[in-house]
Amino acid sequence: MVLMVDTTTEHIGKVIAEELSRSGDNADGFELIDTTGMHISHCVGCNYCWLKTPGVCAIQDDYEPILRKMSKADQVWLISDTRFGFVSWQTKNIVDRIMPLVTMYLKFQDGQMRHVMRYDHQPDIGIIYTGDGDQVYLERWCQRTALNIGSRSLGVFSDSQRKEAVSCML
Amino acid sequence: MHVVIINGSPRVRKYSNTEKIIAAFAKGLSEKGSTFETYAVSDRNTWDVIRDAYIKNDEILIALPLYVECVPGLLLEFLETLPRKDEHTRLSFLLQSGFAEGCQLRCGEEFLAKLPAYLGVRYGGCLVKGDNFGIRILGEEKQAQVTKPYQAMGELFAEEDGFFREEAQKFTGPEYFPLPVRLIVGLLFKTLGKKMFQKAAASWGCSVPLDEKVWEA
């Protein structure tokens, strides 16, 4: 399943979803979440999801249903505005709060410390962005983020390259 | 020199590892005759005051924990509220993380190195250091002990060269652990480490396994 999480002010996820529908094969295998109007806090770093209530975030807002879907999805596409060449804080908040999918336990993988994941299945992660994104940096960040959850980067695409991104969703 | 130190952690000050690191660092500044004022973005009600200090001063240090390979979302939100300044202002960073090796912080460091240009200000370098997860769960005495090395970095910073000196670069420690260390520490993670975390969790009132698959139950 392909999950798109759209935090953009222009709601560009809608256009991408339409393109994906038109392309046929995967028309039913995706879901678009537009976070407009939702209450999604930033991560407060309490560590409760690791040490007090493992796997459960202490903040009760509109985020948990999104995270449940993210954990089940094969692909998660972050659709984001950009600032300082990077994703917006709205998107960063969504990524910072994936920690319930990660456990407190540690291991070494490919020469680096990593957390042991809570579930067997992990989603790959891609980015589609508006504005003046630092393409090279976003690619690095997306790869590193995927590495942290034991998955892969699907790539980073500007809004104008969204057809390419859609072809990765099929 | 007078330094405005902003704690960029979203965690409340009382439990913030970054706050403890700042305290040791600031002690080093004082030792060398520098002065400082500290703020924390975790309290939104103080954002106007922090922004005002950012505008009025030209030596700014943001100390922050690494959150998913970059800046925490809350700090990113605060940064968006800063007005553009010029090169008279120098912006430096102290980036700390839980993971211990230097390689874990480089992606975050790259963002911070590019950030001052977006704000119109000069980059003063980034002090990079991992292995700080445990500070919070230590007693006060131990906390002072493990954060002590940051005092020397405060003393170094007071000499006005930002974090560009070799001592600051070396402070990070190893980029990667050598294989024998990884094998031993990896084994400890599977045994003593698990027990230690489970014990810490129990003291927080947790009675379930830390790797419980809550959504599959």
# chains A, B, ... in the order shown; residues from 1 in each chain; ligands from 1
>>> select_by_dssp(residues="chain A", states="strand (DSSP E)", output="PyMOL selection string")
chain A and resi 2-6+30-34+75-80+82-83+86-87+102-109+112-117+124-129+153-158
>>> write_last_selection(atoms="C-alpha atoms", output="CSV table (one decimal), in the first residue's frame")
chain,number,residue,atom,x,y,z
A,2,VAL,CA,1.2,3.5,-0.9
A,3,LEU,CA,0.5,6.2,1.8
A,4,MET,CA,0.9,9.9,1.0
A,5,VAL,CA,1.1,12.4,3.9
A,6,ASP,CA,0.5,15.9,2.6
A,30,PHE,CA,-3.1,4.1,-2.0
A,31,GLU,CA,-4.3,6.5,0.5
A,32,LEU,CA,-3.8,10.3,0.8
A,33,ILE,CA,-3.8,12.0,4.2
A,34,ASP,CA,-4.0,15.7,4.1
A,75,GLN,CA,5.7,3.2,0.8
A,76,VAL,CA,5.3,6.4,2.7
A,77,TRP,CA,5.6,9.6,0.6
A,78,LEU,CA,6.1,12.8,2.6
A,79,ILE,CA,4.6,15.6,0.6
A,80,SER,CA,6.1,18.8,2.0
A,82,THR,CA,10.4,23.5,2.0
A,83,ARG,CA,12.2,26.0,4.2
A,86,PHE,CA,14.7,21.3,4.0
A,87,VAL,CA,11.3,19.9,4.7
A,102,VAL,CA,11.5,1.9,17.1
A,103,THR,CA,12.5,0.2,20.4
A,104,MET,CA,15.0,1.2,23.0
A,105,TYR,CA,17.1,-1.8,22.2
A,106,LEU,CA,20.3,-1.2,20.2
A,107,LYS,CA,22.4,-3.2,17.7
A,108,PHE,CA,25.1,-2.6,15.2
A,109,GLN,CA,24.2,-2.7,11.5
A,112,GLN,CA,26.8,1.8,12.9
A,113,MET,CA,24.6,1.8,15.9
A,114,ARG,CA,20.9,1.4,15.2
A,115,HIS,CA,17.7,0.8,17.2
A,116,VAL,CA,16.0,-2.6,17.0
A,117,MET,CA,12.7,-2.1,15.2
A,124,ASP,CA,10.2,2.8,2.4
A,125,ILE,CA,10.2,6.6,2.4
A,126,GLY,CA,10.1,9.1,-0.4
A,127,ILE,CA,9.8,12.9,-0.6
A,128,ILE,CA,7.9,15.2,-3.0
A,129,TYR,CA,8.5,18.8,-2.3
A,153,SER,CA,14.7,5.7,0.3
A,154,LEU,CA,12.3,5.9,-2.6
A,155,GLY,CA,14.0,9.1,-3.8
A,156,VAL,CA,13.3,12.8,-3.6
A,157,PHE,CA,11.3,14.7,-6.2
A,158,SER,CA,10.4,18.3,-6.7
>>> interface_residues(of="chain B", to="chain A", cutoff="7 Å", atoms="only C-alpha atoms", output="list in words")
Pro10, Arg11, Tyr67, Val68, Glu69, Gly73, Leu74, Leu76, Glu77, Phe99, Cys107, Leu115, Tyr118, Tyr176, Arg182, Gly186, Phe189, Lys194, Ala201, Trp204, Gly205, Cys206, Leu210, Asp211, Glu212, Lys213 and Val214 of chain B
>>> atom_distance(atom1="CA of Val12 in chain B", atom2="CA of Ser42 in chain B")
5.8 Å
>>> residues_around(residues="Ala168 in chain B", least_positions_apart="3", cutoff="7 Å", atoms="only C-alpha atoms", output="ChimeraX atom specification")
/B:127,153,163-165,171
>>> write_last_selection(atoms="C-alpha atoms", output="PDB file, in the first residue's frame")
ATOM      1  CA  LEU B 127      30.564  21.130  17.885  1.00  0.00           C
ATOM      2  CA  MET B 153      34.825  23.426  24.936  1.00  0.00           C
ATOM      3  CA  PHE B 163      34.283  25.651  16.695  1.00  0.00           C
ATOM      4  CA  PHE B 164      36.824  25.671  13.902  1.00  0.00           C
ATOM      5  CA  ARG B 165      39.869  24.756  16.004  1.00  0.00           C
ATOM      6  CA  PHE B 171      35.992  16.435  20.575  1.00  0.00           C
TER       7      PHE B 171
END
>>> residues_around(residues="Asp61 in chain A", least_positions_apart="3", cutoff="8 Å", atoms="only C-alpha atoms", output="VMD selection string")
chain A and resid 39 to 41 64
>>> closest_residue(among="B:Thr147, B:Ser92, B:Ser34, B:Asn7", to="Asp58 in chain B", atoms="only C-alpha atoms")
B:Ser92
>>> atom_distance(atom1="CA of Phe78 in chain B", atom2="CA of Lys14 in chain A")
28.5 Å
>>> decode(residues="range 135-162 of chain B", atoms="N, CA and C atoms", output="PDB file, in the first residue's frame")
ATOM      1  N   ILE B 135      22.471  10.767  30.022  1.00  0.00           N
ATOM      2  CA  ILE B 135      22.585  11.863  30.998  1.00  0.00           C
ATOM      3  C   ILE B 135      21.352  11.958  31.880  1.00  0.00           C
ATOM      4  N   ARG B 136      20.191  11.884  31.218  1.00  0.00           N
ATOM      5  CA  ARG B 136      18.929  12.062  31.918  1.00  0.00           C
ATOM      6  C   ARG B 136      18.713  11.076  33.069  1.00  0.00           C
ATOM      7  N   ILE B 137      19.152   9.834  32.839  1.00  0.00           N
ATOM      8  CA  ILE B 137      18.854   8.825  33.873  1.00  0.00           C
ATOM      9  C   ILE B 137      19.945   8.701  34.950  1.00  0.00           C
ATOM     10  N   LEU B 138      20.943   9.553  34.867  1.00  0.00           N
ATOM     11  CA  LEU B 138      21.996   9.526  35.878  1.00  0.00           C
ATOM     12  C   LEU B 138      21.651  10.450  37.042  1.00  0.00           C
ATOM     13  N   GLY B 139      22.283  10.185  38.198  1.00  0.00           N
ATOM     14  CA  GLY B 139      22.124  11.082  39.337  1.00  0.00           C
ATOM     15  C   GLY B 139      22.895  12.371  39.083  1.00  0.00           C
ATOM     16  N   GLU B 140      22.630  13.385  39.906  1.00  0.00           N
ATOM     17  CA  GLU B 140      23.218  14.710  39.673  1.00  0.00           C
ATOM     18  C   GLU B 140      24.746  14.703  39.618  1.00  0.00           C
ATOM     19  N   GLU B 141      25.327  13.925  40.525  1.00  0.00           N
ATOM     20  CA  GLU B 141      26.782  13.889  40.606  1.00  0.00           C
ATOM     21  C   GLU B 141      27.394  13.312  39.331  1.00  0.00           C
ATOM     22  N   LYS B 142      26.793  12.189  38.869  1.00  0.00           N
ATOM     23  CA  LYS B 142      27.242  11.525  37.637  1.00  0.00           C
ATOM     24  C   LYS B 142      27.029  12.437  36.430  1.00  0.00           C
ATOM     25  N   GLN B 143      25.921  13.165  36.452  1.00  0.00           N
ATOM     26  CA  GLN B 143      25.625  14.087  35.345  1.00  0.00           C
ATOM     27  C   GLN B 143      26.747  15.101  35.194  1.00  0.00           C
ATOM     28  N   ALA B 144      27.158  15.653  36.326  1.00  0.00           N
ATOM     29  CA  ALA B 144      28.218  16.657  36.317  1.00  0.00           C
ATOM     30  C   ALA B 144      29.514  16.052  35.762  1.00  0.00           C
ATOM     31  N   GLN B 145      29.723  14.781  36.113  1.00  0.00           N
ATOM     32  CA  GLN B 145      30.932  14.096  35.681  1.00  0.00           C
ATOM     33  C   GLN B 145      30.959  13.882  34.162  1.00  0.00           C
ATOM     34  N   VAL B 146      29.825  13.380  33.612  1.00  0.00           N
ATOM     35  CA  VAL B 146      29.827  13.073  32.176  1.00  0.00           C
ATOM     36  C   VAL B 146      29.748  14.328  31.298  1.00  0.00           C
ATOM     37  N   THR B 147      29.241  15.439  31.849  1.00  0.00           N
ATOM     38  CA  THR B 147      29.161  16.654  31.029  1.00  0.00           C
ATOM     39  C   THR B 147      30.396  17.540  31.193  1.00  0.00           C
ATOM     40  N   LYS B 148      31.253  17.163  32.119  1.00  0.00           N
ATOM     41  CA  LYS B 148      32.456  17.972  32.411  1.00  0.00           C
ATOM     42  C   LYS B 148      33.297  18.326  31.162  1.00  0.00           C
ATOM     43  N   PRO B 149      33.505  17.363  30.227  1.00  0.00           N
ATOM     44  CA  PRO B 149      34.333  17.704  29.053  1.00  0.00           C
ATOM     45  C   PRO B 149      33.829  18.917  28.269  1.00  0.00           C
ATOM     46  N   TYR B 150      32.527  19.201  28.363  1.00  0.00           N
ATOM     47  CA  TYR B 150      31.984  20.351  27.629  1.00  0.00           C
ATOM     48  C   TYR B 150      32.497  21.677  28.184  1.00  0.00           C
ATOM     49  N   GLN B 151      32.953  21.643  29.435  1.00  0.00           N
ATOM     50  CA  GLN B 151      33.486  22.869  30.039  1.00  0.00           C
ATOM     51  C   GLN B 151      34.718  23.351  29.262  1.00  0.00           C
ATOM     52  N   ALA B 152      35.576  22.401  28.896  1.00  0.00           N
ATOM     53  CA  ALA B 152      36.774  22.760  28.121  1.00  0.00           C
ATOM     54  C   ALA B 152      36.395  23.354  26.777  1.00  0.00           C
ATOM     55  N   MET B 153      35.278  22.884  26.218  1.00  0.00           N
ATOM     56  CA  MET B 153      34.825  23.426  24.936  1.00  0.00           C
ATOM     57  C   MET B 153      34.289  24.857  25.102  1.00  0.00           C
ATOM     58  N   GLY B 154      33.701  25.131  26.261  1.00  0.00           N
ATOM     59  CA  GLY B 154      33.266  26.498  26.572  1.00  0.00           C
ATOM     60  C   GLY B 154      34.461  27.430  26.669  1.00  0.00           C
ATOM     61  N   GLU B 155      35.514  26.910  27.318  1.00  0.00           N
ATOM     62  CA  GLU B 155      36.746  27.705  27.458  1.00  0.00           C
ATOM     63  C   GLU B 155      37.348  27.995  26.076  1.00  0.00           C
ATOM     64  N   LEU B 156      37.319  26.983  25.221  1.00  0.00           N
ATOM     65  CA  LEU B 156      37.843  27.138  23.865  1.00  0.00           C
ATOM     66  C   LEU B 156      37.019  28.159  23.066  1.00  0.00           C
ATOM     67  N   PHE B 157      35.699  28.060  23.210  1.00  0.00           N
ATOM     68  CA  PHE B 157      34.790  28.956  22.474  1.00  0.00           C
ATOM     69  C   PHE B 157      35.022  30.411  22.874  1.00  0.00           C
ATOM     70  N   ALA B 158      35.385  30.616  24.148  1.00  0.00           N
ATOM     71  CA  ALA B 158      35.618  31.974  24.662  1.00  0.00           C
ATOM     72  C   ALA B 158      36.808  32.647  23.976  1.00  0.00           C
ATOM     73  N   GLU B 159      37.620  31.832  23.306  1.00  0.00           N
ATOM     74  CA  GLU B 159      38.775  32.411  22.596  1.00  0.00           C
ATOM     75  C   GLU B 159      38.401  32.946  21.224  1.00  0.00           C
ATOM     76  N   GLU B 160      37.091  32.924  20.919  1.00  0.00           N
ATOM     77  CA  GLU B 160      36.501  33.621  19.771  1.00  0.00           C
ATOM     78  C   GLU B 160      36.725  33.008  18.395  1.00  0.00           C
ATOM     79  N   ASP B 161      37.176  31.766  18.321  1.00  0.00           N
ATOM     80  CA  ASP B 161      37.345  31.131  17.009  1.00  0.00           C
ATOM     81  C   ASP B 161      36.216  30.161  16.664  1.00  0.00           C
ATOM     82  N   GLY B 162      35.092  30.328  17.325  1.00  0.00           N
ATOM     83  CA  GLY B 162      33.976  29.420  17.060  1.00  0.00           C
ATOM     84  C   GLY B 162      34.379  27.994  17.358  1.00  0.00           C
TER      85      GLY B 162
END
